[in-house]
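In what follows, a structure is listed as structure tokens, so that the remarks can point back to it.
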Amino acid sequence: MGIREFPGGAPRGKSIAVGMRRSPDVSPRRLSDISPQLRQLKYLVVDEAIKEDLKWSRSVEDLTSGPVGLTSIEERILRITGYYGYQPWAASYRREERPRDSPGPAEAPAPAGAEAGGRTSHHCWRCSRAQLKKMFWGVAVVLCVCSSWAGSTQLAKLTFRKFDAPFTLTWFATNWNFLFFPLYYVGHVCKSEEKQSVRQRYRECCRFFGDNGLTLKVFFTKAAPFGVLWTLTNYLYLHAIKKVNTTDVSVLFCCNKAFVFLLSWIVLRDRFMGVRIVAAILAIAGIVMMTYADGFHSHSVIGIALVVGSASMSALYKVLFKLLLGSAKFGEAALFLSILGVFNILFITCIPVILYFTKVEYWSSFDDIPWGNLCGFSVLLLTFNIVLNFGIAVTYPTLMSVGIVLSVPVNAVVDHYTSKIVFNGVRVIAIIIIGLGFLLLLLPEEWDVWLIKLLTRLKVRKKEETAEGGADLGSGPQSKNRRARPSFAR
């Protein structure tokens with residue numbers, strides 16, 4: 001079909017068809033392997049419809065293959081001659097069956113829709129069932145991260161009205177980290193097909209620390225520093241809540257993403273990205289504007305400095321973890337966080353005791369302690385850390401980070417009705433700038449390549465639709481006359 005006998009030449013249709021439908025199992029590697037087929041191409045005459053089909057398929061393949069969307073001459077010839085199973089002129093090959101590369105990891109392939117006449121009319125993005133499930137879980141994770149982070153911040157603010165002891169609250173909440181590994185093991189028993197005992201699972205997760213497992217030396221060199229950074233991060237954050245409102249604290253803590261990028265660029269030699277440098281500059285500008293919003297009062301300046309210190313400790317924690325320990329699986333991360341809880345119980349407990357007897361953080365009696373607020377804050381903080389560390393199993397990491405940004409407007413609404421915060425122009429602009437910088441830092445490293453591919457694909461598709469529409473209008477009456485006119489060709 002579509003191959004006619006060339007005048008003055010031998011019938012080549014059968015031999016070409018055989019050569020072009022060669023099995024992919026014997027695919028050639030050099031042009032010399034297909035030289036007989038290349039010589040037969042001069043006898044090949046293709047119909048106009050098939051030429052359009054070939055033109056469409058080549059343009060899509062050229063755009064979606066390779067790092068910059070180009071293919072070599074050899075690959076084009078191999079496709080035209082039918083090798084590697086590429087036979088666009090076969091009757092069974094339809095446009096609906098052509099795969100498309102997705103422009104991003106969170107998007108699905110886009111099959112082309114066809115009109116009654118067989119031409120492409122419109123293209124729609126179709127999500128698979130698994131991706132829809134992942135997006136549904138993503139929305140649930142975003143809501144959980146946002147509510148737990150905003151709730152813990154507001155509950156800490158409420159607790160300090162009756163219990164002015166930020167370090168004791170930090171120590172009490174960090175002790176709950178001990179529950180990470182037990183909760184992980186319960187999930188492992190419920191979900192895993194191969195059941196393991198607690199000791200077997202523990203030994204397997206201990207390989208994360210090296211061949212010798214969790215030794216005393218490893219505990220003090222690889223776990224203890226992170227326990228100190230964890231405590232400093234939470235203490236500085238909670239102490240800042242006493243000085244400034246929760247909206248400023250939550251938005252300034254978002255700058256830790258910019259600090260992570262700067263430290264990773266310097267320490268880990270990560271890839272330089274201009275857009276992330278812009279995001280870091282926006283974060284720093286937002287910090288300065290947030291300080292200016294309250295008129296550089298000593299109370300607000302100290303509070304802002306505490307939040308920036310907390311964000312810096314959080315960034316240092318993440319970069320050092322990647323530098324010293326690398327990446328951890330779910331069980332290994334759960335064990336590591338439980339070890340931080342054990343370190344807190346064994347070595348940090350003395351500090352709240354010292355603060356109590358020196359009356360730095362003093363309370364008259366244990367009956368005056370709001371245990372409900374303390375336990376509620378600890379549960380919300382534990383939930384936030386669980387979702388943030390294990391939510392990647394059910395959704396995309398970017399969505400979890402979006403939940404942290406969404407906690408800022410939630411805290412702003414609560415502060416508007418519960419405190420005397422003034423949302424002047426400088427504060428609003430600072431919040432927007434820091435939020436924009438945070439979102440820019442969420443862009444993947446290949447975002448520019450995906451954007452170029454998407455724009456190029458849309459441009460080519462628009463040209464093809466315009467050309468097809470012009471061809472339909474121009475060839476409609478002529479095709480009718482040609483069908484009505486009898487043909488005397490033999």
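The chains in the structure tokens are called A, B, ... from first to last as shown; in each chain the residues are counted from 1, and the ligands are counted from 1 in the order shown.
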
Per-residue nearest contacts range 141-193 of chain A to range 405-423 of chain A, cut-off 8 Å, using only C-alpha atoms, as JSON lines:
{"residue": "A:Cys146", "atom": "CA", "partner": "A:Ser407", "partner_atom": "CA", "distance": 4.9}
{"residue": "A:Ser147", "atom": "CA", "partner": "A:Ser407", "partner_atom": "CA", "distance": 7.0}
{"residue": "A:Trp149", "atom": "CA", "partner": "A:Ser407", "partner_atom": "CA", "distance": 6.7}
{"residue": "A:Ala150", "atom": "CA", "partner": "A:Ser407", "partner_atom": "CA", "distance": 5.3}
{"residue": "A:Gln154", "atom": "CA", "partner": "A:Asn411", "partner_atom": "CA", "distance": 7.5}

**OP:** Just the residues within 8 Å of Ser401 in chain A, please, counting only C-alpha atoms, with nothing from its chain fewer than 4 positions along; format it as a list in words.
**Re:** Val142, Pro397, Val405 and Leu442 of chain A

**OP:** Enumerate, as a ChimeraX atom specification, the complete set of residues in range 257-330 of chain A that a backbone-based DSSP assignment places in helix (DSSP H, G or I).
**Re:** /A:257-267,274-293,298-324,330

Subject >> Exercise: Ser338 in chain A partners within 10 Å, only C-alpha atoms, chain neighbours under 3 positions left out, as JSON, numbers by chain >> reply: {"A": [174, 175, 176, 177, 178, 179, 180, 181, 182, 332, 333, 334, 335, 341, 342, 343, 344]}

For range 259-266 of chain A, list every protein, DNA or RNA residue within 9 Å, evaluated using only C-alpha atoms, and leave out those in the same chain fewer than 2 positions away; present the list as a compact mmCIF listing (two decimals) with N, CA and C atoms, in the first residue's frame.
# COMPACT_ATOMS: atom_id res chain seq x y z
N CYS A 255 13.12 30.53 54.73
CA CYS A 255 14.42 30.87 54.15
C CYS A 255 15.43 29.73 54.28
N ASN A 256 15.12 28.71 55.09
CA ASN A 256 16.07 27.61 55.25
C ASN A 256 16.32 26.90 53.93
N LYS A 257 15.35 26.95 53.02
CA LYS A 257 15.53 26.34 51.70
C LYS A 257 16.65 27.06 50.93
N LEU A 268 28.91 20.91 49.20
CA LEU A 268 28.71 19.69 48.42
C LEU A 268 29.03 19.86 46.94
N ARG A 269 29.35 21.06 46.51
CA ARG A 269 29.66 21.35 45.11
C ARG A 269 28.50 20.98 44.19
N ASP A 270 27.29 21.30 44.65
CA ASP A 270 26.13 21.03 43.82
C ASP A 270 26.13 21.93 42.59
N ARG A 271 25.26 21.56 41.64
CA ARG A 271 25.18 22.29 40.38
C ARG A 271 24.72 23.73 40.61
N PHE A 272 25.39 24.66 39.94
CA PHE A 272 25.00 26.07 40.02
C PHE A 272 23.76 26.31 39.18
N ARG A 276 18.13 29.70 41.37
CA ARG A 276 18.21 29.50 42.82
C ARG A 276 19.03 30.61 43.48
N ILE A 277 19.98 31.16 42.75
CA ILE A 277 20.69 32.34 43.28
C ILE A 277 19.71 33.50 43.42
N ALA A 280 17.68 32.89 46.49
CA ALA A 280 18.42 33.21 47.72
C ALA A 280 18.47 34.71 47.95
N ALA A 311 16.61 28.70 61.04
CA ALA A 311 16.65 28.26 59.65
C ALA A 311 18.06 27.85 59.24
N SER A 312 19.07 28.55 59.74
CA SER A 312 20.46 28.20 59.42
C SER A 312 20.84 26.85 60.02
N SER A 314 18.79 24.41 60.69
CA SER A 314 18.07 23.40 59.91
C SER A 314 18.79 23.11 58.60
N ALA A 315 19.27 24.16 57.92
CA ALA A 315 20.00 23.96 56.67
C ALA A 315 21.32 23.23 56.91
N LEU A 316 22.02 23.58 57.99
CA LEU A 316 23.27 22.90 58.31
C LEU A 316 23.04 21.43 58.63
N LYS A 318 20.68 19.49 57.36
CA LYS A 318 20.40 18.76 56.12
C LYS A 318 21.66 18.57 55.28
N VAL A 319 22.49 19.60 55.19
CA VAL A 319 23.69 19.50 54.36
C VAL A 319 24.70 18.54 54.99
N LEU A 441 12.87 27.85 44.53
CA LEU A 441 13.80 26.81 44.94
C LEU A 441 13.23 25.41 44.76

Considering only C-alpha atoms, give me a table of residues in range 139-165 of chain A that are at most 8 Å from range 235-244 of chain A, with the closest atom pair and distance in Å for each, as a Markdown table.
| residue | atom | partner | partner_atom | distance |
| --- | --- | --- | --- | --- |
| A:Thr153 | CA | A:Ile241 | CA | 7.9 |
| A:Ala156 | CA | A:Leu238 | CA | 7.2 |
| A:Lys157 | CA | A:Ile241 | CA | 6.3 |
| A:Phe160 | CA | A:Lys242 | CA | 7.3 |

Include N, CA and C atoms and write out the residues we just selected as a compact mmCIF listing (two decimals), in the first residue's frame.
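This is the output file selection_16.txt:
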# COMPACT_ATOMS: atom_id res chain seq x y z
N THR A 153 2.81 25.60 65.69
CA THR A 153 3.28 26.97 65.93
C THR A 153 2.30 27.76 66.78
N ALA A 156 2.23 26.37 70.38
CA ALA A 156 3.40 26.80 71.15
C ALA A 156 3.22 28.23 71.63
N LYS A 157 2.68 29.09 70.79
CA LYS A 157 2.41 30.47 71.19
C LYS A 157 1.43 30.52 72.36
N PHE A 160 3.08 29.32 75.79
CA PHE A 160 3.99 30.25 76.46
C PHE A 160 3.26 31.28 77.31

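Ranking A:Pro444, A:Gly435, A:Pro352, A:Gly227 by their shortest atom-to-atom distance to Asp248 in chain A, with only C-alpha atoms included, puts A:Gly435 first.
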
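Of note, CA of Leu323 in chain A and CA of Tyr185 in chain A are spaced 27.0 Å apart.
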
**OP:** Find the residues around Tyr362 in chain A up to 9 Å (only C-alpha atoms counted), leave out those fewer than 3 positions away in its own chain, and share them as a PyMOL selection string.
**Re:** chain A and resi 163-165+355-359

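Among the candidates A:Leu155, A:Val394, A:Leu216, A:Cys350, the residue lying nearest to Leu132 in chain A is A:Val394 (atoms considered: only C-alpha atoms).
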
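Closest approach to Val141 in chain A among A:Leu252, A:Val428, A:Val387, A:Ile434: A:Val387, based on only C-alpha atoms.
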